[in-house]
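Asker: I have a structure here, written as structure tokens, and I will follow up with some questions on it.
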Amino acid sequence: MSTHPRAYRQVDVFTTTPYWGNPLAVVLDGTGLSDEQMQRFARWTNLSETTFLLPPTQAGADYRVRIYTPGGELPFAGHPTLGSCQAWLDHGGTPRDAQRIVQECAVGLVPIRRAGHQLAFAAPPLQRSTPAPQLLAGVALALGLKPAQIRAAQLLDNGPKWLGLLLDSADTVLALTPDHTRLRELGQKVGVAALTTEPAAVQLIARSSREARAFADHADDAPHRAAPDLEVRAFAAPVGIPEDPVTGSLNASLAQWLMAEGHIGTRYIAAQGTCLERAGRVLLERDETGQVWVGGQVQTCITGHVQL
């Protein structure tokens, strides 16, 4: 099968500093590529996700994206959404609305808002349910967790499906050494999180001015200066990724769950990637309509062409 040069970027998502976030490979013209070609290239990059941009097929969309992990295609993912959007804009993409880009993917249309150097996507609708006791027990065993260390658990589905666990402390989250083989056998992706401080009302009020600065257009590096409110890790052995550095889709579903249940406030900063020597920062906010927005910055690291 003949190949030809296609514009390509490798970007770093959820960071203000290159090489401290989650890398993403973006093929800026995926026209004519087969599913097998896309999957093979994604397997070759060996990144957690590789995306292929295509002309939109739905009214109102600015572009369409297909998202692949080394192990298969995803209907939606967070860091590929922000990374693909920034790469598309930098490559000359012109949205219908300068402040609101609309991405088409397998879950439908995803609005992305732009403010200064920051992008934020609208979290897709979340379905959640109580996990079966045997699944929870199996995952706890694979993670080395005692029942008392799990404060809450939910199955989370916003396209990608995660078992979300709220643990007793950030130290517990950071100390985990999962049995990835067992997690792969269980076929369950797992996201774990813990508050870095107790969610007392007085503490939330005290943080409000700091959070406002972090979400302000002019405070692009504020998330790196401010202490995070939530520590997150993502284990995805069933799709070939033992641990993901920074995960937008998981943070989106965690935010919708934790905010709805009152575990955390309606604006907060999540840290992810600490155990992988990354410093990912994700900005979560629920607006007055109830929509949760998942934001961060994207840095370009590699620009060129690939033969595909």
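Ordering of the structure tokens sets the chain letters (A, B, ...); residue numbers start at 1 within each chain; ligands are numbered from 1 in the order shown.
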If you run DSSP on the backbone, which residues of region 66-232 of chain A are strand (DSSP E or B), as a PyMOL selection string?
Answerer: chain A and resi 66-69+72-74+97+100-105+108-115+118-122+127-129+150-157+161-167+190-195+230-232
Asker: Using only C-alpha atoms, I'd like a table of the residues in region 72-120 of chain A that come within 12 Å of region 302-308 of chain A; for each, show the closest atom pair and its distance in Å rounded to one decimal, ordered by chain and ascending number, as a Markdown table.
Answerer:
```
| residue | atom | partner | partner_atom | distance |
| --- | --- | --- | --- | --- |
| A:Ala87 | CA | A:Thr303 | CA | 9.7 |
| A:Asp90 | CA | A:Thr303 | CA | 10.5 |
| A:His91 | CA | A:Thr303 | CA | 9.9 |
```
Asker: What lies within 7 Å of region 17-33 of chain A using only C-alpha atoms, ignoring chain neighbours under 4 positions off, as a PyMOL selection string?
Answerer: chain A and resi 6-13+37-38+47+49-54+80+83-84+88+245-246+278-280+299+301
Asker: Keeping only C-alpha atoms, take the residues you just selected and write them out as a PDB file, in the first residue's frame.
Answerer:
```pdb
ATOM      1  CA  ARG A   6       1.372  13.551   6.498  1.00  0.00           C
ATOM      2  CA  ALA A   7       1.726  16.515   8.855  1.00  0.00           C
ATOM      3  CA  TYR A   8       2.448  15.319  12.368  1.00  0.00           C
ATOM      4  CA  ARG A   9       2.822  16.806  15.830  1.00  0.00           C
ATOM      5  CA  GLN A  10       3.682  15.401  19.202  1.00  0.00           C
ATOM      6  CA  VAL A  11       2.294  17.505  22.009  1.00  0.00           C
ATOM      7  CA  ASP A  12       2.350  17.449  25.797  1.00  0.00           C
ATOM      8  CA  VAL A  13      -1.022  17.887  27.510  1.00  0.00           C
ATOM      9  CA  GLN A  37      -3.099   1.404   9.539  1.00  0.00           C
ATOM     10  CA  MET A  38      -4.232   3.689  12.326  1.00  0.00           C
ATOM     11  CA  LEU A  47       2.140   6.399  23.531  1.00  0.00           C
ATOM     12  CA  GLU A  49      -2.965   7.667  22.721  1.00  0.00           C
ATOM     13  CA  THR A  50      -2.460   8.593  19.076  1.00  0.00           C
ATOM     14  CA  THR A  51      -5.073  10.595  17.177  1.00  0.00           C
ATOM     15  CA  PHE A  52      -5.978  11.033  13.522  1.00  0.00           C
ATOM     16  CA  LEU A  53      -7.777  14.173  12.372  1.00  0.00           C
ATOM     17  CA  LEU A  54     -10.404  13.995   9.628  1.00  0.00           C
ATOM     18  CA  PRO A  80      -6.340  13.545  23.177  1.00  0.00           C
ATOM     19  CA  GLY A  83      -4.052  17.909  22.452  1.00  0.00           C
ATOM     20  CA  SER A  84      -5.757  17.310  19.095  1.00  0.00           C
ATOM     21  CA  TRP A  88      -5.414  21.495  14.809  1.00  0.00           C
ATOM     22  CA  PRO A 245       0.422  10.002  33.133  1.00  0.00           C
ATOM     23  CA  VAL A 246      -2.564  12.401  33.012  1.00  0.00           C
ATOM     24  CA  ARG A 278       5.354  14.024  35.739  1.00  0.00           C
ATOM     25  CA  ALA A 279       3.572  17.096  37.056  1.00  0.00           C
ATOM     26  CA  GLY A 280       0.200  16.997  35.327  1.00  0.00           C
ATOM     27  CA  GLN A 299       2.747  22.318  24.679  1.00  0.00           C
ATOM     28  CA  CYS A 301       7.268  19.207  21.423  1.00  0.00           C
TER      29      CYS A 301
END
```
Asker: Excluding same-chain residues fewer than 6 positions from region 118-133 of chain A, what lies within 7 Å of it counting only C-alpha atoms, as a VMD selection string?
Answerer: chain A and resid 82 110 to 112 153 to 158 252 to 253 291 to 297
Asker: Write to file, as an mmCIF file, in the first residue's frame, the residues of the selection just made, with C-alpha atoms.
Answerer:
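The new file again_29.cif reads:
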```cif
data_model
loop_
_atom_site.group_PDB
_atom_site.id
_atom_site.type_symbol
_atom_site.label_atom_id
_atom_site.label_comp_id
_atom_site.auth_asym_id
_atom_site.auth_seq_id
_atom_site.Cartn_x
_atom_site.Cartn_y
_atom_site.Cartn_z
ATOM 1 C CA LEU A 82 -7.264 18.966 24.207
ATOM 2 C CA VAL A 110 -17.607 17.790 22.286
ATOM 3 C CA PRO A 111 -17.422 21.575 22.859
ATOM 4 C CA ILE A 112 -13.994 22.967 23.730
ATOM 5 C CA ALA A 153 -16.411 3.414 44.754
ATOM 6 C CA GLN A 154 -18.338 3.873 41.521
ATOM 7 C CA LEU A 155 -18.322 2.460 38.013
ATOM 8 C CA LEU A 156 -17.889 5.499 35.754
ATOM 9 C CA ASP A 157 -18.756 5.598 32.051
ATOM 10 C CA ASN A 158 -18.410 8.699 29.852
ATOM 11 C CA ALA A 252 -13.918 14.365 34.015
ATOM 12 C CA SER A 253 -15.877 11.429 35.405
ATOM 13 C CA GLN A 291 -21.733 21.410 33.075
ATOM 14 C CA VAL A 292 -18.310 20.214 34.199
ATOM 15 C CA TRP A 293 -15.319 21.602 32.262
ATOM 16 C CA VAL A 294 -11.925 19.911 32.170
ATOM 17 C CA GLY A 295 -9.051 22.235 31.374
ATOM 18 C CA GLY A 296 -5.331 22.525 30.979
ATOM 19 C CA GLN A 297 -2.559 23.670 28.691
#
```
Asker: Considering only C-alpha atoms, return as a PyMOL selection string whatever protein or nucleic-acid residues lie within 9 Å of Ser169 (chain A), sequence-local ones (same chain, fewer than 6 positions apart) excluded.
Answerer: chain A and resi 149+193-197+231
Asker: If I take CA of Thr181 (chain A) and CA of Glu277 (chain A), how far is one from the other in Å, to one decimal?
Answerer: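 One can read the CA of Thr181 (chain A) to CA of Glu277 (chain A) distance as 22.5 Å.
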Asker: DSSP says helix (DSSP H, G or I) for which residues of region 45-149 of chain A? Put them as number ranges by chain?
Answerer: A: 45, 78-90, 133-143, 147-149
Asker: Write out as a PyMOL selection string which residues come within 6 Å of Phe235 (chain A) when counting only C-alpha atoms, dropping same-chain ones fewer than 4 positions away.
Answerer: chain A and resi 189-190+242-243
Asker: Given the selection you just returned, output its residues as a file containing C-alpha atoms, formatted as a PDB file, in the first residue's frame.
Answerer:
```
ATOM      1  CA  LYS A 189      -9.452   0.101  34.104  1.00  0.00           C
ATOM      2  CA  VAL A 190      -9.106   1.696  37.535  1.00  0.00           C
ATOM      3  CA  PRO A 242      -0.056   0.084  33.019  1.00  0.00           C
ATOM      4  CA  GLU A 243      -0.292   3.688  34.263  1.00  0.00           C
TER       5      GLU A 243
END
```
Asker: Mind giving me the straight-line distance from CA of Arg66 (chain A) to CA of Gln188 (chain A) in Å, one decimal?
Answerer: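 Interatomic distance here is 22.3 Å.
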Asker: One number please: CA of Leu284 (chain A) to CA of Leu135 (chain A), in Å, one decimal.
Answerer: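 Taking CA of Leu284 (chain A) as the start and CA of Leu135 (chain A) as the end point, the length is 28.4 Å.
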Asker: Taking only C-alpha atoms into account, name the residue in A:Gly262, A:Ile241, A:Ala234, A:Ala152 that is nearest to Leu136 (chain A).
Answerer: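 Once distances to Leu136 (chain A) are computed over only C-alpha atoms, the minimum belongs to A:Ala152.
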Asker: Counting only C-alpha atoms, what is within 12 Å of Ala137 (chain A), bar same-chain residues fewer than 3 positions away, as JSON, numbers by chain?
Answerer: {"A": [131, 132, 133, 134, 140, 141, 142, 143, 144, 145, 146, 147, 150, 153, 163, 165, 183, 186]}
Asker: Only C-alpha atoms, please: the residues just picked out, written as a PDB file, in the first residue's frame.
Answerer:
```
ATOM      1  CA  PRO A 131     -19.651  -1.927  41.383  1.00  0.00           C
ATOM      2  CA  ALA A 132     -20.300  -5.572  42.122  1.00  0.00           C
ATOM      3  CA  PRO A 133     -18.723  -6.654  45.429  1.00  0.00           C
ATOM      4  CA  GLN A 134     -16.629  -9.353  43.724  1.00  0.00           C
ATOM      5  CA  ALA A 140      -8.639  -4.071  45.900  1.00  0.00           C
ATOM      6  CA  LEU A 141      -6.535  -7.233  46.011  1.00  0.00           C
ATOM      7  CA  ALA A 142      -4.726  -6.257  42.796  1.00  0.00           C
ATOM      8  CA  LEU A 143      -3.973  -2.815  44.237  1.00  0.00           C
ATOM      9  CA  GLY A 144      -3.014  -4.078  47.671  1.00  0.00           C
ATOM     10  CA  LEU A 145      -5.782  -2.089  49.355  1.00  0.00           C
ATOM     11  CA  LYS A 146      -7.557  -2.874  52.601  1.00  0.00           C
ATOM     12  CA  PRO A 147     -11.339  -2.309  52.663  1.00  0.00           C
ATOM     13  CA  ILE A 150     -11.623   2.708  50.217  1.00  0.00           C
ATOM     14  CA  ALA A 153     -16.411   3.414  44.754  1.00  0.00           C
ATOM     15  CA  LEU A 163     -13.805   1.871  38.228  1.00  0.00           C
ATOM     16  CA  LEU A 165     -12.044   4.630  43.892  1.00  0.00           C
ATOM     17  CA  LEU A 183      -5.815  -5.918  36.604  1.00  0.00           C
ATOM     18  CA  LEU A 186      -9.956  -8.523  35.521  1.00  0.00           C
TER      19      LEU A 186
END
```
